[in-house]
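Colleague: Take this structure first; my questions come after.
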Number of protein chains: 2
Amino acid sequence: MDFLRAVSARDGHEILSSFPVDPKTEMVSIEEARGRVLGADIVSGEGIPSFTRSLVDGYAVKAKDTQGARETSPALLYVRGEVRIGEVAGITVSDAEAVYVATGSMIPQGVDAVVMQEYARPAADAVEITRAAYQGENICYADEDIRQGQVVLKKGRKITAFDVGVLAAIGVSEVSVYRAPLIAVISSGDEIVGVDEPLPPGKVRDINRYTVSAVLQAEGACVRFCGLARDSVEAITAKLESARDCDMIVISGGSSKGERDYITTSIEGLGGKVLFHGINIKPGKPAIFGSLFGKPIFGLPGHPGSCAMVTIRFVLPFLRRLCGGYVRLETVVSGRVATNIPSAYGIEEYVRVALEKNDDGYLAKPIFSKSAVISPLAQADGYVIIPESSEGLEKGESVEVCLFA
Amino acid sequence: MDFLRAVSARDGHEILSSFPVDPKTEMVSIEEARGRVLGADIVSGEGIPSFTRSLVDGYAVKAKDTQGARETSPALLYVRGEVRIGEVAGITVSDAEAVYVATGSMIPQGVDAVVMQEYARPAADAVEITRAAYQGENICYADEDIRQGQVVLKKGRKITAFDVGVLAAIGVSEVSVYRAPLIAVISSGDEIVGVDEPLPPGKVRDINRYTVSAVLQAEGACVRFCGLARDSVEAITAKLESARDCDMIVISGGSSKGERDYITTSIEGLGGKVLFHGINIKPGKPAIFGSLFGKPIFGLPGHPGSCAMVTIRFVLPFLRRLCGGYVRLETVVSGRVATNIPSAYGIEEYVRVALEKNDDGYLAKPIFSKSAVISPLAQADGYVIIPESSEGLEKGESVEVCLFA
């Protein structure tokens with residue numbers, strides 16, 4: 001295959017990274033914030049906890065009053081009363097006194113430790129303490145957790161379920177997040193029919209529409225399916241026009257030479273620019289990236305397996321920039337290769353694998369298949385990257401498997 | 001702490017596993033199917049591909065006609081015409097003939113290989129083939145990918161983005177999935193105020209509502225927040241009553257003895273049964289599990305860190321049963337412990353860690369904190385499990401870190 005502007009995988013990523021993006025933000029309630037990317041640093045307006053609290057049920061005491069206390073010679077303290085949870089501790093504790101507190105109760109003035117009730121024997125209006133306490137024991141001090149003015153969560157962070165709890169803790173009920181980009185998805189090809197249409201001989205169903213949309217939606221994008229374009233410059237141009245207001249366009253189809261030309265011709269005819277056409281990867285070589293209406297456009301190969309891998313390796317990282325550019329911890333598992341995997345020098349290859357857990361860890365079993373074949377999509381747990389400089393992996397070699405889910 | 005029916009982590013999981021569940025299914029379009037759990041096996045009604053196709057652009061030939069062909073002595077074949085993509089191949093090819101095909105074109109009768117155009121030199125109405133082809137080369141045969149009647153995806157599988165493509169390929173536009181369970185979330189405690197309310201001295205904001213809801217929603221549940229119950233049997237009973245129509249109830253709060261009693265008393269007062277009260281884990285010991293209105297109910301500790309860990313370790317696996325019981329590949333990364341981590345014998349301990357990538361792989365840095373403290377929730381990438389039989393981990397020891405996200 002001859003491409004005008006074919007690039008290495010690394011150069012492809014560089015072209016993607018240098019494409020300018022300008023993601024916008026919006027406010028959402030914290031109940032809808034999980035999975036969104038923070039559009040601004042979150043600075044705490046207050047200290048947490050807002051008061052000094054007990055971590056256990058027991059007796060708030062002056063630690064010095066319990067010195068040397070043990071089972072056989074307990075310290076006897078007068079019980080001044082109780083601070084119930086949620087109440088203000090009005091008491092100031094004097095020497096040889098104790099106050100009963102529950103987990104979470106405010107610590108009264110004058111004490112510096114809480115003795116768990118397991119080490120306390122109540123007796124009328126007094127209590128016997130059977131173990132020495134140390135200063136600060138079982139106490140969480142005001143501001144110990146979060147200081148006022150502290151940056152609690154950073155801009156660009158993808159908000160986790162636990163982050164939502166942290167936001168609630170500091171009284172933040174709404175946050176600025178990056179707006180979900182609107183992605184136009186277009187399928188092209190004379191041979192493609194919709195999933196609900198009858199399948200005439202020689203035709204195949206539109207698969208890429210569904211895989212591409214689902215992968216992008218899982219990452220937080222809104223997807224608009226703009227329909228199926230026939231293989232002609234006019235049909236493709238019309239579909240691209242209909243996507244003018246979207247933040248990004250992804251058109252799949254064109255694994256044969258003529259079809260690819262329709263897409264690049266249409267982009268250029270509309271005043272866009274093809275930035276690369278072809279990546280030295282396998283599968284996925286016929287991928288296109290360019291600029292159209294000032295926005296990014298991907299042309300993905302028509303073969304479903306190739307289309308899926310280019311989406312994962314190239315479209316998704318770009319989408320993350322559109323979503324605020326957060327850095328994601330790759331979910332990889334280490335494993336050993338079950339069989340030799342040959343690979344061509346000079347091509348970055350992605351080999352889909354199924355994982356099998358055994359006593360030594362994970363066994364990564366490559367799923368060899370023609371790129372036109374569909375079912376391996378569902379069988380693979382992840383994929384292994386074989387770099388350009390490698391001619392393959394040997395059976396038993398240890399590898400990192402990038403998980404799909 | 002003394003609990004009436006405290007269990008080990010293993011026994012806790014066994015009690016959860018033996019609780020009867022009866023998840024229901026519903027039909028959804030494949031566009032909404034990602035992340036849902038299949039309610040029935042998917043059997044293909046047709047073979048894929050539905051016709052024998054070319055995998056490349058080139059010339060469909062009889063392999064035997066290219067025997068011995070090379071650059072310097074090509075095989076000369078008469079070109080009978082072309083099969084365009086999406087067309088029916090009407091031609092039957094005879095000896096010493098070739099037909100031009102595109103990637104995805106139907107393979108005509110009489111041929112058994114496709115020569116890539118790189119190895120073909122067109123010349124008037126003939127073509128010179130410069131490399132020998134082998135039988136089946138660059139051809140994907142009808143039914144080779146998926147056979148009619150084949151189980152393509154199994155009941156209980158969580159549908160991935162790629163599975164959606166496989167469903168489209170076989171013409172399935174709607175699938176049976178398990179209904180998203182409706183989970184009642186209740187917060188309790190005299191000290192708790194809502195995130196939008198003013199924070200009087202001695203009070204804390206409701207955090208567990210948000211973390212628990214977000215974790216359950218991420219797993220596919222619908223959450224109904226039933227509100228904040230004060231610390232009394234009457235208040236808690238009223239909230240539990242309001243959750244009668246839900247598929248599961250999760251009430252948080254009660255890390256001090258009295259509060260815990262309100263929850264168990266309320267469950268039993270409504271005719272429910274407490275199946276365990278206390279698990280030998282850290283954090284999270286005060287967790288409760290029972291049956292109420294014939295449905296599962298969890299009582300989670302009030303401390304946000306404890307509440308979060310019990311949600312992850314116990315509520316989530318149970319929720320997966322309610323969602324159709326799919327088996328999930330744990331997302332773990334292997335790493336080395338950055339410091340010694342002591343742990344008590346006889347308790348299953350969960351130590352939250354932050355991961356740091358270095359040349360040797362991941363370094364797992366434990367986040368030591370009081371269980372009442374909030375901010376570590378957002379700092380941890382995952383957690384390490386220290387089993388009951390272990391007294392801790394040594395610096396440099398290799399561990400598996402379960403990722404939160």
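In the structure tokens, chains take the letters A, B, ... in the order shown, each chain's residues start at 1, and ligands count up from 1 in the order shown.
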Skip Ala123 (chain A) itself and residues of its chain fewer than 4 positions away, then list as a PyMOL selection string all residues within 10 Å of it, counting only C-alpha atoms.

Modeller: chain A and resi 76-79+127-128

Colleague: Pick out the residues sitting within 9 Å of region 27-39 of chain B, and hand them over as a compact mmCIF listing (two decimals) with N, CA, C and O atoms, in the first residue's frame; count only C-alpha atoms, and ignore anything fewer than 5 positions along from it in its own chain.

Modeller:
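Printed below is result29.txt as written:
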# COMPACT_ATOMS: atom_id res chain seq x y z
N TYR A 210 -20.93 0.97 15.71
CA TYR A 210 -21.25 0.58 17.09
C TYR A 210 -20.01 0.49 17.97
O TYR A 210 -20.02 0.91 19.11
N SER A 213 -18.58 4.14 18.47
CA SER A 213 -19.46 4.93 19.35
C SER A 213 -19.34 4.45 20.80
O SER A 213 -19.22 5.26 21.72
N ALA A 214 -19.36 3.14 20.99
CA ALA A 214 -19.34 2.61 22.36
C ALA A 214 -18.02 2.92 23.04
O ALA A 214 -17.99 3.27 24.22
N ALA A 218 -17.85 5.39 26.28
CA ALA A 218 -17.29 4.88 27.54
C ALA A 218 -16.27 5.87 28.10
O ALA A 218 -16.05 5.93 29.30
N LEU B 153 -21.90 -14.84 22.31
CA LEU B 153 -21.65 -14.21 23.60
C LEU B 153 -22.50 -14.94 24.64
O LEU B 153 -23.66 -15.28 24.37
N LYS B 154 -21.92 -15.15 25.81
CA LYS B 154 -22.62 -15.96 26.82
C LYS B 154 -23.41 -15.11 27.80
O LYS B 154 -23.00 -14.01 28.18
N LYS B 155 -24.54 -15.63 28.21
CA LYS B 155 -25.33 -15.09 29.31
C LYS B 155 -24.42 -14.77 30.49
O LYS B 155 -23.54 -15.57 30.82
N GLY B 156 -24.62 -13.63 31.13
CA GLY B 156 -23.81 -13.28 32.30
C GLY B 156 -22.58 -12.46 31.94
O GLY B 156 -21.85 -12.02 32.83
N ARG B 157 -22.35 -12.25 30.65
CA ARG B 157 -21.19 -11.46 30.25
C ARG B 157 -21.53 -9.97 30.30
O ARG B 157 -22.60 -9.55 29.89
N LYS B 158 -20.60 -9.19 30.81
CA LYS B 158 -20.78 -7.74 30.78
C LYS B 158 -20.41 -7.27 29.39
O LYS B 158 -19.30 -7.52 28.92
N ILE B 159 -21.32 -6.60 28.73
CA ILE B 159 -21.16 -6.28 27.31
C ILE B 159 -20.13 -5.17 27.12
O ILE B 159 -20.25 -4.10 27.69
N THR B 160 -19.10 -5.46 26.33
CA THR B 160 -18.05 -4.47 26.07
C THR B 160 -18.40 -3.69 24.80
O THR B 160 -19.32 -4.04 24.06
N ALA B 161 -17.62 -2.64 24.56
CA ALA B 161 -17.80 -1.85 23.34
C ALA B 161 -17.64 -2.74 22.10
O ALA B 161 -18.37 -2.59 21.12
N PHE B 162 -16.71 -3.68 22.17
CA PHE B 162 -16.46 -4.53 21.01
C PHE B 162 -17.58 -5.57 20.83
O PHE B 162 -17.93 -5.93 19.71
N ASP B 163 -18.13 -6.02 21.96
CA ASP B 163 -19.26 -6.96 21.87
C ASP B 163 -20.42 -6.32 21.10
O ASP B 163 -21.14 -7.00 20.36
N VAL B 164 -20.61 -5.02 21.31
CA VAL B 164 -21.70 -4.32 20.61
C VAL B 164 -21.48 -4.45 19.09
O VAL B 164 -22.43 -4.68 18.33
N GLY B 165 -20.22 -4.35 18.67
CA GLY B 165 -19.90 -4.53 17.26
C GLY B 165 -20.19 -5.94 16.78
O GLY B 165 -20.69 -6.13 15.66
N LEU B 167 -22.46 -7.93 18.00
CA LEU B 167 -23.92 -8.05 17.90
C LEU B 167 -24.41 -7.42 16.59
O LEU B 167 -25.25 -8.00 15.90
N ALA B 168 -23.87 -6.26 16.25
CA ALA B 168 -24.25 -5.61 14.99
C ALA B 168 -23.90 -6.51 13.81
O ALA B 168 -24.69 -6.64 12.86
N VAL B 172 -28.06 -8.39 15.22
CA VAL B 172 -28.84 -8.30 16.45
C VAL B 172 -28.88 -6.84 16.89
O VAL B 172 -27.85 -6.26 17.20
N SER B 173 -30.08 -6.24 16.91
CA SER B 173 -30.16 -4.83 17.28
C SER B 173 -30.72 -4.61 18.67
O SER B 173 -30.69 -3.51 19.20
N GLU B 174 -31.23 -5.67 19.28
CA GLU B 174 -31.76 -5.61 20.65
C GLU B 174 -31.31 -6.84 21.40
O GLU B 174 -31.29 -7.94 20.84
N VAL B 175 -30.97 -6.68 22.68
CA VAL B 175 -30.55 -7.84 23.46
C VAL B 175 -31.23 -7.84 24.83
O VAL B 175 -31.61 -6.80 25.36
N SER B 176 -31.30 -9.03 25.39
CA SER B 176 -31.80 -9.20 26.76
C SER B 176 -30.66 -8.93 27.73
O SER B 176 -29.59 -9.53 27.62
N VAL B 177 -30.89 -8.01 28.65
CA VAL B 177 -29.88 -7.71 29.68
C VAL B 177 -30.56 -7.72 31.04
O VAL B 177 -31.78 -7.58 31.14
N TYR B 178 -29.75 -7.89 32.08
CA TYR B 178 -30.33 -7.81 33.42
C TYR B 178 -30.72 -6.37 33.73
O TYR B 178 -29.99 -5.44 33.41
N ARG B 179 -31.86 -6.24 34.34
CA ARG B 179 -32.39 -4.95 34.76
C ARG B 179 -31.43 -4.35 35.79
O ARG B 179 -30.90 -5.07 36.64
N ALA B 180 -31.20 -3.06 35.72
CA ALA B 180 -30.36 -2.40 36.71
C ALA B 180 -31.08 -2.42 38.05
O ALA B 180 -32.21 -1.95 38.14
N GLU B 219 -21.11 0.75 38.81
CA GLU B 219 -21.27 -0.68 38.54
C GLU B 219 -22.60 -0.96 37.86
O GLU B 219 -22.92 -2.11 37.57
N GLY B 220 -23.40 0.06 37.61
CA GLY B 220 -24.63 -0.15 36.85
C GLY B 220 -25.92 -0.08 37.63
O GLY B 220 -26.99 -0.31 37.08
N CYS B 323 -26.90 -7.94 39.47
CA CYS B 323 -26.83 -7.49 38.07
C CYS B 323 -26.66 -8.65 37.11
O CYS B 323 -26.33 -8.45 35.95
N GLY B 324 -26.79 -9.88 37.56
CA GLY B 324 -26.70 -11.01 36.65
C GLY B 324 -25.51 -11.90 36.92
O GLY B 324 -25.29 -12.89 36.22
N GLY B 325 -24.71 -11.54 37.92
CA GLY B 325 -23.66 -12.44 38.38
C GLY B 325 -22.52 -12.64 37.41
O GLY B 325 -21.97 -13.73 37.32
N TYR B 326 -22.14 -11.59 36.71
CA TYR B 326 -21.04 -11.78 35.79
C TYR B 326 -19.71 -11.87 36.54
O TYR B 326 -19.57 -11.39 37.66

Colleague: Which residues come within 12 Å of Arg230 (chain A), counting only C-alpha atoms, excluding same-chain residues fewer than 6 positions away, as a compact mmCIF listing (two decimals) with all heavy atoms, in the first residue's frame?

Modeller:
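Ended up saving to out31.txt:
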# COMPACT_ATOMS: atom_id res chain seq x y z
N ILE A 186 -19.37 8.63 11.42
CA ILE A 186 -19.87 8.38 10.07
C ILE A 186 -19.32 7.03 9.61
O ILE A 186 -18.14 6.74 9.85
CB ILE A 186 -19.41 9.49 9.09
CG1 ILE A 186 -19.87 10.87 9.58
CG2 ILE A 186 -19.91 9.21 7.67
CD1 ILE A 186 -19.19 12.04 8.84
N SER A 187 -20.15 6.23 8.99
CA SER A 187 -19.66 4.99 8.37
C SER A 187 -19.70 5.19 6.87
O SER A 187 -20.60 5.86 6.36
CB SER A 187 -20.53 3.81 8.76
OG SER A 187 -20.50 3.62 10.16
N SER A 188 -18.74 4.60 6.17
CA SER A 188 -18.79 4.73 4.71
C SER A 188 -18.50 3.40 4.05
O SER A 188 -17.88 2.51 4.65
CB SER A 188 -17.79 5.79 4.24
OG SER A 188 -16.48 5.29 4.29
N GLY A 189 -18.99 3.26 2.83
CA GLY A 189 -18.72 2.04 2.07
C GLY A 189 -19.96 1.57 1.33
O GLY A 189 -21.03 1.48 1.92
N ASP A 190 -19.80 1.27 0.02
CA ASP A 190 -20.92 0.77 -0.78
C ASP A 190 -21.42 -0.58 -0.27
O ASP A 190 -22.56 -0.96 -0.54
CB ASP A 190 -20.47 0.60 -2.24
CG ASP A 190 -20.39 1.93 -2.98
OD1 ASP A 190 -21.01 2.91 -2.49
OD2 ASP A 190 -19.72 1.98 -4.01
N GLU A 191 -20.55 -1.30 0.44
CA GLU A 191 -20.91 -2.66 0.87
C GLU A 191 -21.64 -2.68 2.22
O GLU A 191 -22.03 -3.73 2.69
CB GLU A 191 -19.65 -3.52 0.93
CG GLU A 191 -18.75 -3.34 2.16
CD GLU A 191 -17.85 -2.10 2.11
OE1 GLU A 191 -18.18 -1.13 1.40
OE2 GLU A 191 -16.83 -2.12 2.82
N ILE A 192 -21.79 -1.51 2.87
CA ILE A 192 -22.29 -1.47 4.24
C ILE A 192 -23.80 -1.28 4.28
O ILE A 192 -24.34 -0.40 3.62
CB ILE A 192 -21.64 -0.29 5.01
CG1 ILE A 192 -20.11 -0.33 4.93
CG2 ILE A 192 -22.09 -0.27 6.47
CD1 ILE A 192 -19.47 -1.46 5.65
N VAL A 193 -24.49 -2.09 5.11
CA VAL A 193 -25.91 -1.86 5.37
C VAL A 193 -26.11 -1.75 6.87
O VAL A 193 -25.29 -2.24 7.66
CB VAL A 193 -26.82 -2.99 4.80
CG1 VAL A 193 -26.63 -3.13 3.29
CG2 VAL A 193 -26.56 -4.31 5.49
N ILE A 236 -19.70 11.45 0.69
CA ILE A 236 -18.86 11.65 1.89
C ILE A 236 -18.81 13.13 2.24
O ILE A 236 -18.93 13.51 3.42
CB ILE A 236 -17.47 11.03 1.66
CG1 ILE A 236 -17.61 9.51 1.65
CG2 ILE A 236 -16.48 11.48 2.73
CD1 ILE A 236 -16.37 8.76 1.25
N THR A 237 -18.68 13.99 1.25
CA THR A 237 -18.65 15.43 1.50
C THR A 237 -19.93 15.88 2.20
O THR A 237 -19.89 16.65 3.16
CB THR A 237 -18.47 16.19 0.17
OG1 THR A 237 -17.22 15.79 -0.41
CG2 THR A 237 -18.45 17.70 0.39
N ALA A 238 -21.07 15.35 1.76
CA ALA A 238 -22.35 15.74 2.38
C ALA A 238 -22.39 15.33 3.85
O ALA A 238 -22.84 16.09 4.71
CB ALA A 238 -23.50 15.11 1.61
N LYS A 239 -21.91 14.13 4.15
CA LYS A 239 -21.91 13.67 5.55
C LYS A 239 -20.96 14.53 6.38
O LYS A 239 -21.26 14.88 7.52
CB LYS A 239 -21.48 12.21 5.64
CG LYS A 239 -22.49 11.22 5.08
CD LYS A 239 -23.77 11.21 5.88
CE LYS A 239 -24.79 10.27 5.26
NZ LYS A 239 -26.16 10.54 5.72
N SER A 252 -15.36 6.03 9.41
CA SER A 252 -14.72 4.74 9.17
C SER A 252 -15.05 4.27 7.77
O SER A 252 -16.04 4.69 7.18
CB SER A 252 -15.16 3.71 10.20
OG SER A 252 -16.48 3.31 9.93
N GLY A 253 -14.22 3.36 7.28
CA GLY A 253 -14.43 2.81 5.94
C GLY A 253 -13.25 3.16 5.09
O GLY A 253 -12.45 4.04 5.42
N GLY A 254 -13.12 2.45 4.01
CA GLY A 254 -12.01 2.73 3.12
C GLY A 254 -10.80 1.91 3.48
O GLY A 254 -9.83 2.43 4.01
N GLU A 259 -11.52 3.83 -2.00
CA GLU A 259 -12.33 4.35 -0.91
C GLU A 259 -11.54 5.36 -0.08
O GLU A 259 -12.07 6.39 0.35
CB GLU A 259 -12.78 3.23 0.02
CG GLU A 259 -13.69 2.22 -0.63
CD GLU A 259 -13.91 1.04 0.30
OE1 GLU A 259 -13.95 1.24 1.52
OE2 GLU A 259 -14.01 -0.09 -0.20
N TYR A 262 -11.54 8.71 -1.62
CA TYR A 262 -12.77 9.51 -1.48
C TYR A 262 -12.70 10.34 -0.20
O TYR A 262 -13.10 11.50 -0.19
CB TYR A 262 -14.01 8.61 -1.41
CG TYR A 262 -14.27 7.82 -2.68
CD1 TYR A 262 -14.54 6.46 -2.63
CD2 TYR A 262 -14.27 8.45 -3.92
CE1 TYR A 262 -14.79 5.74 -3.78
CE2 TYR A 262 -14.52 7.73 -5.08
CZ TYR A 262 -14.77 6.37 -5.01
OH TYR A 262 -15.01 5.66 -6.15
N ILE A 263 -12.22 9.74 0.87
CA ILE A 263 -12.20 10.45 2.16
C ILE A 263 -11.20 11.61 2.12
O ILE A 263 -11.54 12.74 2.46
CB ILE A 263 -11.92 9.47 3.33
CG1 ILE A 263 -13.11 8.52 3.48
CG2 ILE A 263 -11.66 10.22 4.63
CD1 ILE A 263 -12.95 7.44 4.53
N ILE B 85 -16.74 -3.78 -4.68
CA ILE B 85 -17.16 -4.04 -3.32
C ILE B 85 -18.67 -3.83 -3.21
O ILE B 85 -19.22 -2.90 -3.79
CB ILE B 85 -16.34 -3.15 -2.37
CG1 ILE B 85 -16.50 -3.61 -0.94
CG2 ILE B 85 -16.67 -1.67 -2.53
CD1 ILE B 85 -15.41 -3.10 -0.04
N GLY B 86 -19.34 -4.75 -2.51
CA GLY B 86 -20.79 -4.66 -2.35
C GLY B 86 -21.57 -5.32 -3.47
O GLY B 86 -22.79 -5.49 -3.37

Colleague: Please identify the alpha helix (DSSP H) residues within region 184-335 of chain A (assignment by DSSP from backbone atoms) and present them as a PyMOL selection string.

Modeller: chain A and resi 208-218+233-241+257-269+304-310+316-322

Colleague: Which of these, B:Gln135, B:Ser44, B:Thr339, B:Ser105, has the shortest distance to chain A once you count only C-alpha atoms?

Modeller: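 Going through B:Gln135, B:Ser44, B:Thr339, B:Ser105 one by one, the smallest distance to chain A is for B:Ser105.
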
Colleague: As a PyMOL selection string, please: the residues near Ser18 (chain A) (cut-off 12 Å, only C-alpha atoms, same-chain neighbours under 3 positions excluded).

Modeller: chain A and resi 11-15+21+275+290-291+296+318+321

Colleague: Considering only C-alpha atoms, can you say which of A:Asp95, A:Asp359, A:Glu197, A:Glu46 comes closest to Ala169 (chain A)?

Modeller: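 Nearest candidate to Ala169 (chain A) out of A:Asp95, A:Asp359, A:Glu197, A:Glu46: A:Glu46.
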
Colleague: Which distance in Å separates CA of Leu316 (chain A) and CA of Gly227 (chain A), to one decimal?

Modeller: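 Interatomic distance, CA of Leu316 (chain A) to CA of Gly227 (chain A): 21.3 Å.
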
Colleague: List as number ranges by chain the protein and nucleic acid residues near Pro201 (chain A), meaning an atom at most 9 Å away when only C-alpha atoms are counted, but skip any in the same chain fewer than 6 places from it.

Modeller: B: 50-51, 86-88, 106

Colleague: Quick one: everything within 12 Å of Leu377 (chain A), counting only C-alpha atoms, minus sequence neighbours fewer than 5 positions away in the same chain. Send it as a PyMOL selection string.

Modeller: (chain A and resi 207-208+211+303-309+351-354+367-372+382-383+404) or (chain B and resi 145+152-153+159-167+169)

Colleague: Excluding Ile281 (chain B) and any residue of its chain fewer than 6 positions from it, enumerate the residues within 7 Å of it, using only C-alpha atoms, and give them as a list in words.

Modeller: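 In the requested form, the answer reads Ala9, Ile347, Glu348 and Glu349 of chain B.
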
Colleague: Please save all heavy atoms of the selected residues as a PDB file, in the first residue's frame.

Modeller:
ATOM      1  N   ALA B   9     -13.759 -12.659  57.132  1.00  0.00           N
ATOM      2  CA  ALA B   9     -14.029 -12.136  55.787  1.00  0.00           C
ATOM      3  C   ALA B   9     -14.570 -13.257  54.902  1.00  0.00           C
ATOM      4  O   ALA B   9     -15.537 -13.079  54.154  1.00  0.00           O
ATOM      5  CB  ALA B   9     -12.758 -11.539  55.197  1.00  0.00           C
ATOM      6  N   ILE B 347      -6.923 -10.734  61.243  1.00  0.00           N
ATOM      7  CA  ILE B 347      -7.772  -9.708  60.620  1.00  0.00           C
ATOM      8  C   ILE B 347      -7.356  -9.564  59.163  1.00  0.00           C
ATOM      9  O   ILE B 347      -6.170  -9.500  58.852  1.00  0.00           O
ATOM     10  CB  ILE B 347      -7.631  -8.360  61.363  1.00  0.00           C
ATOM     11  CG1 ILE B 347      -8.284  -8.460  62.743  1.00  0.00           C
ATOM     12  CG2 ILE B 347      -8.243  -7.222  60.559  1.00  0.00           C
ATOM     13  CD1 ILE B 347      -8.157  -7.215  63.575  1.00  0.00           C
ATOM     14  N   GLU B 348      -8.338  -9.553  58.252  1.00  0.00           N
ATOM     15  CA  GLU B 348      -8.023  -9.268  56.849  1.00  0.00           C
ATOM     16  C   GLU B 348      -7.965  -7.752  56.707  1.00  0.00           C
ATOM     17  O   GLU B 348      -8.947  -7.057  56.965  1.00  0.00           O
ATOM     18  CB  GLU B 348      -9.099  -9.861  55.935  1.00  0.00           C
ATOM     19  CG  GLU B 348      -8.797  -9.652  54.462  1.00  0.00           C
ATOM     20  CD  GLU B 348      -9.729 -10.447  53.551  1.00  0.00           C
ATOM     21  OE1 GLU B 348      -9.563 -11.684  53.462  1.00  0.00           O
ATOM     22  OE2 GLU B 348     -10.633  -9.839  52.940  1.00  0.00           O
ATOM     23  N   GLU B 349      -6.797  -7.279  56.315  1.00  0.00           N
ATOM     24  CA  GLU B 349      -6.623  -5.831  56.296  1.00  0.00           C
ATOM     25  C   GLU B 349      -6.484  -5.317  54.866  1.00  0.00           C
ATOM     26  O   GLU B 349      -5.876  -5.958  54.027  1.00  0.00           O
ATOM     27  CB  GLU B 349      -5.382  -5.446  57.128  1.00  0.00           C
ATOM     28  CG  GLU B 349      -5.294  -3.951  57.361  1.00  0.00           C
ATOM     29  CD  GLU B 349      -4.388  -3.570  58.526  1.00  0.00           C
ATOM     30  OE1 GLU B 349      -3.935  -4.475  59.275  1.00  0.00           O
ATOM     31  OE2 GLU B 349      -4.129  -2.377  58.685  1.00  0.00           O
TER      32      GLU B 349
END
